[in-house]
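In what follows, a single structure is set out as structure tokens and then discussed.
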Amino acid sequence: MYDISGYYEAETVAEATALLAKNPNLRLIAGGTDVLIKMHSGQIADAELLSLRKIKSLNTIRKAEDGTIVIGAMATFTKVFNDPILREMIPILTEAAISMGGPQIRNIATIGGNVCNGATSADSASSLFALNAQLKLEGHQGERLVPIRKFYLGPGKVALQPGEILTEILIAPDDYQGFGGQYIKFAMREAMDIATLAVAVVCKLQAKTFAEVRIGLGVAGPTPLRCLEAEEYAKGQEISAQTVAEIGKLAVNSAKARTSWRASKDYREHLVEELVQRALKKAIVNAGGEELV
Amino acid sequence: MFKRIAFSVNAKAFNFEVDIRESLLEMLRRLGYTGTKKGCGVGECGACSVLIDGMPFDSCLYLAVWADGKQITTIEGVAAKNGELSVVQKAFVDEGAVQCGFCTPGLVLTTTALVESGQDYTRDELKRELSGHLCRCTGYQSILKAAEISLQEHSCSCVDSPHHKQPAAKIEER
Amino acid sequence: MTNFMGNNSSLRDRFMNKSGDGGKEMAYTVVGKSVRKVDAVAKVTGKAMYTDDFFERDMLVGKILHSPYAHALITTIDVSRAKALPGVEAVLTYKDLPRISYATSLPGMIGADLDDNEDLERIKIGTAGHPYSLDPAHRDVEDRHILTKKARFVGDAIAAVVATDDLIAEKALKLIDVKYEVLEALTSTKAALREGAPLIHEGCEGNILASGGFTIGDVEEAFKESDHIFEGEYETSIVQHCHLENQTSYAYQDPDGRIVIVTSTQIPQIVRRIVAQALGIPWGRVRVIKPFVGGGFGNKQDVCIEPLNAAMTLAVGGRPVKIELAREECMIDTRTRHAFQFKIKTGINQDGKINGIHISAISNTGAYASHGHSIASSAGGKFRFLYPTKALKFDPITVYTNLPVAGAMRAYGCPQLFYAFESHLEDIAKRLDMDPIEIRSKNLVEVGYVDPISKTKVMSCGIRECIEKGKALIKWDKKKALYREQSGEKLRGLGMACFSYSSGTYPVALELAGARIVLNQDGSIQLQIGATDTGQGSDTALGQMVAEVLSLPMDMVHVLSTQDTDISPFDTGCYASRQTYVSGMAVEKAALEVKGKILSFAASMTDIPVDRLDLLEQKIVYKHSGESVLTLEQVAMQSYYDRVLAKPITSDVSNNARINAIPFGVTFAEVEVDIKTGKIKVLEIYNVHDSGTIVNPKMAEGQVQGGVSMGIGYALSEQLLFDEVTGKPLNNNLLDYKLPTMMDMPDIGVAFVETHESTGPFGVKSLGEPPTITPAPAIRNAVLDATGVAFNRLPMNPQRVFEGLKEAGLI
């Protein structure tokens with residue numbers, strides 16, 4: 001049994017934020033694949049849970065009229081993977097979704113939960129970083145938008161204020177239209193694993209040059225991160241193997257990898273350099289460019 | 001703390017109060033559906049998988065209270081009422097996909113969900129769809145084979161077969 | 001001569017069509033067929049009952065307090081707060097455990113909280129699943145208390161709680177106040193062997209549990225005669241069995257006060273003995289029942305939770321108490337595979353003929369002996385049969401450390417030893433510029449070889465044919481040529497490795513097996529065996545043997561899959577790949593006895609001389625013509641209900657197999673190495689086995705595939721990791737411990753070379769463990785072929801491969 005001392009369910013976001021306002025001790029539970037595991041290991045004990053599972057409005061994925069992609073926080077990884085809009089518009093997110101856990105986990109784990117858990121290894125994170133995702137946080141007092149890069153504060157720490165709920169993940173048209181992307185999860189196993197390194201790259205091409213490149217990395221530091229130096233360098237550079245190699249090298253400068261029993265700093269940095277290049281080469285093709293040999 | 005829920009297991013209706021601390025796995029086993037196995041308790045092995053509204057879930061990472069309004073299928077509900085094995089069960093038996101048997105119920109259920117989805121899967125997709133189940137005995141070979149045969153049987157079967165592509169109706173029925 | 005086959009030569013001849021070349025046999029009707037596994041339907045329908053599937057009224061929950069320190073003395077332990085928690089029924093510590101001086105008293109000693117200064121007198125047990133030995137010198141090392149006052153690894157059982165539910169039990173564990181005097185944690189063999197290192201077990205000098213190997217000939221002389229001397233060092237990792245069903249048991253006292261334990265075990269008879277020994281009670285006061293078991297792989301050839309479970313039920317007046325280990329507990333407080341470090345020196349001639357081999361090894365057994373004292377020497381004993389040389393010296397030492405306890409795991413030391421030697425031999429081949437197959441062929445054993453130590457004779461050997469088959473399957477020559485010139489980021493290579501093993505433990509240990517057959521009224525039979533099926537399919541294989549002898553279809557053979565020490569015939573259990581071979585002998589003997597009785601009974605019914613009769617397809621027939629005389633059912637009914645002659649037909653036999661048989665085999669692997677990321681992909685892998693007659697090809701194939709996948713995990717990804725300073729486990733769960741998933745597995749090719757082993761029932765040799773021995777060295781050798789880099793440490797995970805490639809200048 002799980003060490004649960006109270007259990008509440010909300011059917012609307014307003015109901016949930018009201019309950020949260022009344023009882024700040026409530027712990028939000030979405031898919032449960034992080035919260036219940038933490039209870040199993042004793043990291044969370046004697047918990048009062050507020051379930052968001054019955055809030056239907058958080059379950060939708062849609063494209064707004066202005067082209068903004070709106071992903072409900074309670075969308076499961078299976079739903080994300082199978083969503084035709086996301087598959088067409090931002091496949092680096094659907095590929096990230098299918099790389100997560102196994103089918104049973106994907107059937108219940110939610111993208112919002114994945115983000116709010118605050119792990120650098122969150123499978124959705126590197127793609128959401130590369131896509132400049134914005135997070136809509138709603139509280140009893142109102143709502144606010146936070147860029148995902150400002151949301152991750154440290155390992156397991158996110159910018160969710162007491163009383164707030166992540167309700168939607170938004171990706172603006174300017175951030176994905178005209179881009180090609182590629183996601184690579186490098187892990188010890190092909191399924192049921194956490195990444196040794198996750199790389200999400202999007203790029204926009206202009207003639208034979210890079211108009212824009214964005215690189216999101218997971219597990220390259222205590223939080224997911226962006227390789228701003230490499231991105232800055234890429235702007236306007238000619239698309240060539242040499243440029244790509246340089247981008248790979250510069251990406252390492254943004255990584256804050258450390259040695260753990262899972263992998264050494266040296267190895268992770270090597271992977272950053274190598275996999276950023278691999279991902280970017282594919283992203284170029286996906287953006288309509290020619291394959292670099 | 002207890003909460004009243006209504007749900008069905010293998011088409012049998014239940015309506016009672018459950019302990020909010022209980023997982024679906026614990027509740028099912030307490031009800032006697034002991035074919036649902038516990039291998040890790042944290043969604044890493046898939047032994048406890050059951051179908052909820054036709055989709056596979058790890059019942060260890062699923063609170064019993066969430067079963068409210070759901071139709072659950074356990075391994076005990078896969079064979080026909082007269083005891084005849086399903087196409088999937090038969091394939092698992094025939095292909096030698098069963099050794100110690102502890103991962104078997106979950107794998108049979110997930111394969112059943114794939115068959116009943118009516119979709120076609122490539123071999124790689126099939127592997128991916130079954131990858132949430134660890135097995136230490138078989139090296140997965142015979143399991144994959146059994147799943148492939150199950151899906152072939154399915155698509156080869158006549159339109160009047162109860163297993164023919166009628167996923168929605170099938171789920172409805174359960 | 002031994003009685004391993006019984007007096008059945010004439011009957012055997014009838015079942016076998018001897019071709020005269022001593023090899024090719026025979027037309028069996030059930031043996032050799034892929035009949036349906038007898039428990040498959042029960043398992044696909046969820047009806048198969050495992051330990052946790054049984055319900056007892058008033059079942060209580062037992063939980064264990066594990067030491068947070070790798071090496072520490074308990075200075076004080078106060079359970080009063082835990083005991084006071086509502087729902088807690090009992091709390092146990094070392095203080096509550098029985099003492100040697102009370103050893104003959106009946107249950108009830110638990111809770112007799114005596115002066116804790118007498119702690120040394122408390123009963124210690126050895127937990128290894130070996131048959132008892134009447135010779136005290138051959139008994140397992142007894143170095144463990146059920147609950148300890150001195151923690152020897154992170155996870156050591158310090159105290160236990162019995163409560164009404166799991167949450168209360170867990171809360172109570174947190175309320176046990178323990179004060180420790182923390183000692184230096186010896187987390188490596190190097191640390192444990194250091195001069196002046198603290199002793200993990202009092203009186204065990206140097207922390208060396210066991211040494212002693214063997215010497216054949218004079219290696220130094222052999223080296224002198226050799227054209228070349230090669231040396232190499234190899235290292236393997238700590239891995240875990242990861243059977244899907246964790247150790248689970250429940251125990252209660254029956255109305256007579258006997259302790260009944262239902263448990264997921266490979267060795268019910270040995271559990272019974274060790275529980276009785278642990279509590280100091282007569283063995284007959286313990287009853288052990290083994291229902292379906294969700295895999296064991298050697299980890300359940302050990303007694304991990306049952307003695308504590310018995311103590312728990314005694315502490316609560318005999319009420320039922322269940323222990324169900326969590327996966328995280330199972331991975332550290334049951335058993336692991338020994339990590340070995342090897343140094344090998346080989347003297348070899350220019351033509352590839354080996355003159356002498358010297359293998360030194362250090363084996364890390366962790367905190368308690370378990371099987372540690374026998375694994376290294378056992379592996380050496382199995383190795384002797386592959387490449388007999390004039391001189392072979394094997395001198396392993398087995399060392400205690402403050403890590404979880406290593407015990408038996410599939411192939412018992414051989415995956416380690418063969419990884420090392422087959423890697424070494426590959427390195428030699430490379431240096432001599434010889435083909436890996438050629439160098440092996442020059443040294444392989446021949447039929448008729450007698451091992452000078454065990455005196456076991458190789459009666460059948462298909463290793464050469466196995467190699468030929470594997471070579472053809474993987475297209476060795478073609479691919480070798482193809483990969484000679486390759487470049488780019490992904491390099492491919494081929495490798496192979498051979499093994500020899502044994503069928504049971506003779507002559508090291510007793511090989512006793514029992515079987516009982518009852519002929520039912522309808523002409524079907526019940527087969528009861530003491531051998532335990534833990535998933536591998538022994539119930540089916542043994543059932544096939546009975547069906548063969550009695551000419552029955554499989555649906556007339558009812559195999560009882562549960563073993564119960566009160567009911568089942570005596571058999572020491574599932575280990576050493578012994579059951580098809582050793583228990584098969586008992587089963588064949590029992591079936592022949594029943595057959596004899598059936599024919600005698602038929603003779604008494606018909607007045608036809610018994611030697612003119614035979615049994616064929618459920619009929620009694622004339623031997624010469626096959627003409628039917630009676631149905632088997634008629635005989636069976638008469639045997640039950642004839643007013644004068646009634647005497648139901650049964651047999652109840654035991655067989656003491658004082659013989660062994662050597663199986664052989666080979667793995668061929670093809671890999672692709674991503675030299676930029678260090679990731680190795682196995683593209684193709686084939687295992688070819690000589691296990692004598694294959695009783696059930698489909699099951700055998702599954703057994704091999706499972707073994708190969710375990711071997712691939714061993715090669716590429718699996719290792720239990722610990723903090724070097726504290727000894728704390730880092731990855732004791734199935735997310736962080738990289739057991740392969742379906743997506744990580746290549747197609748596994750399986751083939752057999754069926755020799756006929758004259759010592760085995762129906763010509764069989766063992767198969768269960770061997771498949772897991774050679775995938776790792778074959779993959780390692782393939783990686784060497786692809787990259788030119790020798791990886792002499794397992795696992796070859798991407799991090800390690802990256803480091804190796806970097807060192808070699810490839811990155």
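A note on labels: chains of the structure tokens are A, B, ... as shown, every chain counts residues from 1, and ligands are counted from 1 in their shown order.
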Neighbouring residues of Leu432 of chain C were defined as those with any atom within 10 Å, considering only C-alpha atoms; residues of the same chain fewer than 4 positions away were excluded. Please report them as a list in words.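 Contacts, in chain order: His228, Ile348, Asn349, Gln350, Asp351, Gly352, Glu426, Asp427, Ile428 and Ile439 of chain C.
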Restrict the distance test to only C-alpha atoms, flag each residue of chain A within 9 Å of chain B, and return the flagged residues as a list of chain:residue names.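 Only these qualify: A:Met1, A:Tyr2, A:Asp3, A:Ile4, A:Ser5, A:Gly6, A:Tyr7, A:Gly31, A:Gly32, A:Thr33, A:Leu36, A:Ile37, A:His40, A:Arg53, A:Gly101, A:Gly102, A:Pro103, A:Gln104, A:Ile105, A:Arg106, A:Asn107, A:Ile108, A:Glu190, A:Ala191, A:Met192.
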Just list as number ranges by chain whatever in segment 367-601 of chain C DSSP marks as alpha helix (DSSP H). C: 372-383, 414-432, 436-441, 463-474, 476-484, 538-550, 584-601
Output the selection as a PDB file, in the first residue's frame - C-alpha atoms for each residue.
```
ATOM      1  CA  GLY C 372      31.280 -19.081  -2.161  1.00  0.00           C
ATOM      2  CA  HIS C 373      33.499 -21.877  -0.948  1.00  0.00           C
ATOM      3  CA  SER C 374      32.513 -24.126  -3.834  1.00  0.00           C
ATOM      4  CA  ILE C 375      31.910 -21.950  -6.884  1.00  0.00           C
ATOM      5  CA  ALA C 376      35.436 -21.277  -8.043  1.00  0.00           C
ATOM      6  CA  SER C 377      36.552 -24.872  -7.685  1.00  0.00           C
ATOM      7  CA  SER C 378      33.379 -26.132  -9.299  1.00  0.00           C
ATOM      8  CA  ALA C 379      33.934 -23.910 -12.333  1.00  0.00           C
ATOM      9  CA  GLY C 380      37.491 -25.162 -12.582  1.00  0.00           C
ATOM     10  CA  GLY C 381      36.205 -28.714 -12.522  1.00  0.00           C
ATOM     11  CA  LYS C 382      33.923 -28.047 -15.476  1.00  0.00           C
ATOM     12  CA  PHE C 383      36.612 -26.227 -17.418  1.00  0.00           C
ATOM     13  CA  CYS C 414      31.597 -20.842 -15.520  1.00  0.00           C
ATOM     14  CA  PRO C 415      30.486 -17.636 -17.222  1.00  0.00           C
ATOM     15  CA  GLN C 416      33.345 -15.968 -15.358  1.00  0.00           C
ATOM     16  CA  LEU C 417      35.998 -18.586 -16.035  1.00  0.00           C
ATOM     17  CA  PHE C 418      35.082 -19.184 -19.667  1.00  0.00           C
ATOM     18  CA  TYR C 419      34.881 -15.462 -20.333  1.00  0.00           C
ATOM     19  CA  ALA C 420      38.414 -15.160 -19.053  1.00  0.00           C
ATOM     20  CA  PHE C 421      39.888 -18.177 -20.757  1.00  0.00           C
ATOM     21  CA  GLU C 422      38.086 -17.833 -24.068  1.00  0.00           C
ATOM     22  CA  SER C 423      39.145 -14.180 -24.191  1.00  0.00           C
ATOM     23  CA  HIS C 424      42.697 -15.190 -23.368  1.00  0.00           C
ATOM     24  CA  LEU C 425      42.745 -17.875 -26.039  1.00  0.00           C
ATOM     25  CA  GLU C 426      41.428 -15.362 -28.565  1.00  0.00           C
ATOM     26  CA  ASP C 427      44.244 -12.993 -27.656  1.00  0.00           C
ATOM     27  CA  ILE C 428      46.710 -15.828 -28.167  1.00  0.00           C
ATOM     28  CA  ALA C 429      45.217 -16.681 -31.552  1.00  0.00           C
ATOM     29  CA  LYS C 430      45.551 -13.064 -32.584  1.00  0.00           C
ATOM     30  CA  ARG C 431      49.164 -12.913 -31.483  1.00  0.00           C
ATOM     31  CA  LEU C 432      49.987 -16.169 -33.264  1.00  0.00           C
ATOM     32  CA  PRO C 436      40.261 -18.595 -33.565  1.00  0.00           C
ATOM     33  CA  ILE C 437      38.539 -21.771 -34.640  1.00  0.00           C
ATOM     34  CA  GLU C 438      41.762 -23.437 -35.640  1.00  0.00           C
ATOM     35  CA  ILE C 439      43.484 -22.784 -32.342  1.00  0.00           C
ATOM     36  CA  ARG C 440      40.537 -24.229 -30.467  1.00  0.00           C
ATOM     37  CA  SER C 441      40.267 -27.246 -32.728  1.00  0.00           C
ATOM     38  CA  ILE C 463      31.909 -29.881 -29.839  1.00  0.00           C
ATOM     39  CA  ARG C 464      33.572 -30.093 -33.255  1.00  0.00           C
ATOM     40  CA  GLU C 465      30.245 -30.539 -34.983  1.00  0.00           C
ATOM     41  CA  CYS C 466      28.826 -27.691 -32.909  1.00  0.00           C
ATOM     42  CA  ILE C 467      31.599 -25.431 -34.153  1.00  0.00           C
ATOM     43  CA  GLU C 468      31.038 -26.481 -37.754  1.00  0.00           C
ATOM     44  CA  LYS C 469      27.339 -25.794 -37.455  1.00  0.00           C
ATOM     45  CA  GLY C 470      27.819 -22.422 -35.809  1.00  0.00           C
ATOM     46  CA  LYS C 471      30.427 -21.419 -38.328  1.00  0.00           C
ATOM     47  CA  ALA C 472      28.049 -22.175 -41.160  1.00  0.00           C
ATOM     48  CA  LEU C 473      25.115 -20.438 -39.499  1.00  0.00           C
ATOM     49  CA  ILE C 474      26.960 -17.171 -39.042  1.00  0.00           C
ATOM     50  CA  TRP C 476      32.044 -17.121 -40.738  1.00  0.00           C
ATOM     51  CA  ASP C 477      34.388 -17.317 -43.691  1.00  0.00           C
ATOM     52  CA  LYS C 478      32.366 -15.019 -45.890  1.00  0.00           C
ATOM     53  CA  LYS C 479      31.949 -12.325 -43.261  1.00  0.00           C
ATOM     54  CA  LYS C 480      35.511 -12.601 -42.010  1.00  0.00           C
ATOM     55  CA  ALA C 481      36.673 -11.814 -45.526  1.00  0.00           C
ATOM     56  CA  LEU C 482      34.115  -9.051 -45.920  1.00  0.00           C
ATOM     57  CA  TYR C 483      35.070  -7.270 -42.701  1.00  0.00           C
ATOM     58  CA  ARG C 484      38.786  -7.438 -43.279  1.00  0.00           C
ATOM     59  CA  SER C 538      11.657 -30.203 -16.173  1.00  0.00           C
ATOM     60  CA  ASP C 539       8.133 -31.354 -15.308  1.00  0.00           C
ATOM     61  CA  THR C 540       7.438 -31.678 -19.013  1.00  0.00           C
ATOM     62  CA  ALA C 541      10.750 -33.314 -19.878  1.00  0.00           C
ATOM     63  CA  LEU C 542      10.396 -35.847 -17.073  1.00  0.00           C
ATOM     64  CA  GLY C 543       6.765 -36.463 -18.034  1.00  0.00           C
ATOM     65  CA  GLN C 544       7.894 -37.166 -21.586  1.00  0.00           C
ATOM     66  CA  MET C 545      10.284 -39.816 -20.315  1.00  0.00           C
ATOM     67  CA  VAL C 546       7.483 -41.603 -18.496  1.00  0.00           C
ATOM     68  CA  ALA C 547       5.235 -41.308 -21.537  1.00  0.00           C
ATOM     69  CA  GLU C 548       8.021 -42.816 -23.618  1.00  0.00           C
ATOM     70  CA  VAL C 549       8.590 -45.814 -21.385  1.00  0.00           C
ATOM     71  CA  LEU C 550       4.895 -46.485 -20.855  1.00  0.00           C
ATOM     72  CA  GLY C 584      15.510 -38.410 -15.363  1.00  0.00           C
ATOM     73  CA  MET C 585      17.300 -41.566 -14.266  1.00  0.00           C
ATOM     74  CA  ALA C 586      14.930 -41.934 -11.329  1.00  0.00           C
ATOM     75  CA  VAL C 587      11.925 -41.254 -13.513  1.00  0.00           C
ATOM     76  CA  GLU C 588      12.990 -43.774 -16.107  1.00  0.00           C
ATOM     77  CA  LYS C 589      13.581 -46.324 -13.371  1.00  0.00           C
ATOM     78  CA  ALA C 590      10.159 -45.710 -11.851  1.00  0.00           C
ATOM     79  CA  ALA C 591       8.483 -45.948 -15.236  1.00  0.00           C
ATOM     80  CA  LEU C 592      10.237 -49.208 -16.050  1.00  0.00           C
ATOM     81  CA  GLU C 593       9.140 -50.599 -12.722  1.00  0.00           C
ATOM     82  CA  VAL C 594       5.540 -49.644 -13.427  1.00  0.00           C
ATOM     83  CA  LYS C 595       5.804 -51.114 -16.880  1.00  0.00           C
ATOM     84  CA  GLY C 596       7.069 -54.366 -15.434  1.00  0.00           C
ATOM     85  CA  LYS C 597       4.214 -54.460 -12.955  1.00  0.00           C
ATOM     86  CA  ILE C 598       1.645 -53.707 -15.637  1.00  0.00           C
ATOM     87  CA  LEU C 599       2.900 -56.542 -17.793  1.00  0.00           C
ATOM     88  CA  SER C 600       3.065 -58.924 -14.837  1.00  0.00           C
ATOM     89  CA  PHE C 601      -0.466 -58.028 -13.892  1.00  0.00           C
TER      90      PHE C 601
END
```
Residues of chain C that have any atom at most 9 Å from an atom of chain A: could you tabulate them with the shortest-distance atom pair and the distance in Å to one decimal, using only C-alpha atoms, ordered by chain and increasing number, as JSON lines?
```
{"residue": "C:Asp165", "atom": "CA", "partner": "A:Met1", "partner_atom": "CA", "distance": 8.6}
{"residue": "C:Asp166", "atom": "CA", "partner": "A:Met1", "partner_atom": "CA", "distance": 6.9}
{"residue": "C:Leu167", "atom": "CA", "partner": "A:Met1", "partner_atom": "CA", "distance": 6.6}
{"residue": "C:Lys676", "atom": "CA", "partner": "A:Glu274", "partner_atom": "CA", "distance": 7.0}
{"residue": "C:Thr677", "atom": "CA", "partner": "A:Leu271", "partner_atom": "CA", "distance": 6.6}
{"residue": "C:Lys679", "atom": "CA", "partner": "A:Met188", "partner_atom": "CA", "distance": 8.4}
{"residue": "C:Ser717", "atom": "CA", "partner": "A:Met188", "partner_atom": "CA", "distance": 7.1}
{"residue": "C:Leu721", "atom": "CA", "partner": "A:Trp261", "partner_atom": "CA", "distance": 7.9}
{"residue": "C:Phe722", "atom": "CA", "partner": "A:Trp261", "partner_atom": "CA", "distance": 8.9}
{"residue": "C:Asp723", "atom": "CA", "partner": "A:Trp261", "partner_atom": "CA", "distance": 8.6}
{"residue": "C:Leu730", "atom": "CA", "partner": "A:Trp261", "partner_atom": "CA", "distance": 7.7}
{"residue": "C:Leu735", "atom": "CA", "partner": "A:Asp193", "partner_atom": "CA", "distance": 6.2}
{"residue": "C:Asp736", "atom": "CA", "partner": "A:Asp193", "partner_atom": "CA", "distance": 7.7}
{"residue": "C:Lys738", "atom": "CA", "partner": "A:Arg189", "partner_atom": "CA", "distance": 7.0}
{"residue": "C:Leu739", "atom": "CA", "partner": "A:Arg189", "partner_atom": "CA", "distance": 8.4}
{"residue": "C:Pro740", "atom": "CA", "partner": "A:Arg189", "partner_atom": "CA", "distance": 6.8}
{"residue": "C:Thr741", "atom": "CA", "partner": "A:Ala191", "partner_atom": "CA", "distance": 6.6}
{"residue": "C:Met742", "atom": "CA", "partner": "A:Ala191", "partner_atom": "CA", "distance": 8.1}
{"residue": "C:Met743", "atom": "CA", "partner": "A:Glu190", "partner_atom": "CA", "distance": 5.7}
{"residue": "C:Asp744", "atom": "CA", "partner": "A:Glu190", "partner_atom": "CA", "distance": 5.9}
{"residue": "C:Asn797", "atom": "CA", "partner": "A:Met188", "partner_atom": "CA", "distance": 7.7}
{"residue": "C:Pro798", "atom": "CA", "partner": "A:Met188", "partner_atom": "CA", "distance": 7.5}
{"residue": "C:Gln799", "atom": "CA", "partner": "A:Ala263", "partner_atom": "CA", "distance": 6.3}
{"residue": "C:Phe802", "atom": "CA", "partner": "A:Tyr267", "partner_atom": "CA", "distance": 7.1}
{"residue": "C:Glu803", "atom": "CA", "partner": "A:Tyr267", "partner_atom": "CA", "distance": 8.0}
```
Residues of chain C were defined as contacting chain B if any atom lay at most 7 Å from it, counting only C-alpha atoms; please report them as JSON, numbers by chain. {"C": [36, 40, 41, 43, 44, 45, 46, 47, 53, 242, 243, 244, 245, 246, 293, 294, 295, 326, 327, 534, 535, 536, 537, 698, 699, 702, 703, 705, 706, 709, 734, 735, 741, 742, 743, 747]}
Residues near Val178 of chain C, cut-off 9 Å, only C-alpha atoms, skip fewer than 2 positions along chain, as a list of chain:residue names: C:Ile74, C:Thr75, C:Thr76, C:Ile77, C:Asp78, C:Val79, C:Ile176, C:Tyr180
Exercise: Ala283 of chain A partners within 7 Å, only C-alpha atoms, chain neighbours under 2 positions left out, as a count of residues only: 12
Env of Val260 of chain C: 8 Å cut, atoms = only C-alpha atoms, seq-sep filter 4 positions within chain, self excluded. Answer as a ChimeraX atom specification. /C:251-254,286-289
Requested write-out: C-alpha atoms of the selected residues, as a CSV table (one decimal), in the first residue's frame:
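Output file selection.csv follows:
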```csv
chain,number,residue,atom,x,y,z
C,251,ALA,CA,5.0,-19.7,7.2
C,252,TYR,CA,2.6,-20.9,9.9
C,253,GLN,CA,2.4,-23.6,12.5
C,254,ASP,CA,0.0,-26.4,11.8
C,286,VAL,CA,9.4,-28.5,9.3
C,287,ARG,CA,7.4,-28.9,6.2
C,288,VAL,CA,8.2,-27.0,3.0
C,289,ILE,CA,5.9,-26.6,0.0
```
Which residue out of C:Thr562, C:Ser766, C:Ser363, C:Thr693 has the minimum interatomic distance to Gln579 of chain C when only C-alpha atoms are used?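 Answer, going by the shortest atom-to-atom distance: C:Ser766.
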As a ChimeraX atom specification, which residues of segment 111-322 of chain C does DSSP assign to strand (DSSP E or B)? /C:122,125,128,144,150-151,157-163,177-182,208-210,214-216,228-235,248-253,259-263,286-290,292,302,321-322
Selection to disk with C-alpha atoms, as a CSV table (one decimal), in the first residue's frame:
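The new file again36.csv reads:
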```
chain,number,residue,atom,x,y,z
C,122,ARG,CA,23.5,-18.4,18.9
C,125,ILE,CA,23.8,-21.5,9.5
C,128,ALA,CA,23.9,-22.9,0.3
C,144,ARG,CA,25.5,-16.6,9.4
C,150,LYS,CA,27.3,-7.4,13.3
C,151,ALA,CA,26.3,-5.9,9.9
C,157,ALA,CA,19.2,-8.3,8.2
C,158,ILE,CA,19.3,-6.6,11.6
C,159,ALA,CA,15.8,-6.9,12.9
C,160,ALA,CA,12.4,-7.9,11.7
C,161,VAL,CA,8.8,-6.8,12.4
C,162,VAL,CA,5.6,-8.8,12.1
C,163,ALA,CA,2.5,-6.5,11.7
C,177,ASP,CA,16.4,2.5,17.5
C,178,VAL,CA,19.8,1.0,16.5
C,179,LYS,CA,23.1,2.4,17.5
C,180,TYR,CA,26.1,1.2,15.4
C,181,GLU,CA,29.8,1.3,15.8
C,182,VAL,CA,30.7,1.8,12.2
C,208,ILE,CA,39.8,-15.6,2.8
C,209,LEU,CA,36.8,-17.9,2.8
C,210,ALA,CA,38.3,-20.6,0.6
C,214,PHE,CA,43.9,-28.2,-8.3
C,215,THR,CA,47.0,-29.1,-10.2
C,216,ILE,CA,47.4,-31.5,-13.0
C,228,HIS,CA,55.4,-19.1,-26.4
C,229,ILE,CA,54.1,-17.9,-23.1
C,230,PHE,CA,51.1,-15.6,-23.0
C,231,GLU,CA,49.6,-13.9,-20.0
C,232,GLY,CA,46.4,-12.0,-19.6
C,233,GLU,CA,44.2,-10.5,-16.9
C,234,TYR,CA,40.4,-10.5,-17.0
C,235,GLU,CA,37.7,-9.2,-14.7
C,248,THR,CA,8.5,-14.8,-1.3
C,249,SER,CA,7.4,-17.2,1.4
C,250,TYR,CA,4.8,-17.6,4.2
C,251,ALA,CA,5.0,-19.7,7.2
C,252,TYR,CA,2.6,-20.9,9.9
C,253,GLN,CA,2.4,-23.6,12.5
C,259,ILE,CA,6.2,-25.3,10.9
C,260,VAL,CA,4.8,-25.2,7.4
C,261,ILE,CA,6.6,-22.9,4.9
C,262,VAL,CA,5.3,-22.2,1.5
C,263,THR,CA,8.1,-20.7,-0.5
C,286,VAL,CA,9.4,-28.5,9.3
C,287,ARG,CA,7.4,-28.9,6.2
C,288,VAL,CA,8.2,-27.0,3.0
C,289,ILE,CA,5.9,-26.6,0.0
C,290,LYS,CA,7.1,-25.3,-3.3
C,292,PHE,CA,4.9,-22.6,-9.1
C,302,ASP,CA,19.8,-20.8,-1.4
C,321,VAL,CA,3.3,-14.5,8.3
C,322,LYS,CA,4.3,-13.6,4.8
```
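Residues lying within 12 Å of Lys390 of chain C, counting only C-alpha atoms and ignoring same-chain neighbours fewer than 2 positions away, are C:Thr215, C:Ile216, C:Gly217, C:Asp218, C:Val219, C:Glu220, C:Glu221, C:Ala222, C:Phe223, C:Glu225, C:Ser226, C:Thr346, C:Gly347, C:Ile348, C:Lys353, C:Ile354, C:Asn355, C:Gly356, C:Ile357, C:His358, C:Arg384, C:Tyr387, C:Pro388, C:Leu392, C:Lys393, C:Asn443, C:Asp451, C:Pro452.
Once Ile111 of chain A and its same-chain neighbours fewer than 3 positions away are set aside, Ile71, Gly72, Ala73, Met74, Ala75, Thr76, Phe77, Val80, Ala97, Asn114, Val115, Cys116, Ser124 and Ile169 of chain A remain within 9 Å of it when counting only C-alpha atoms.
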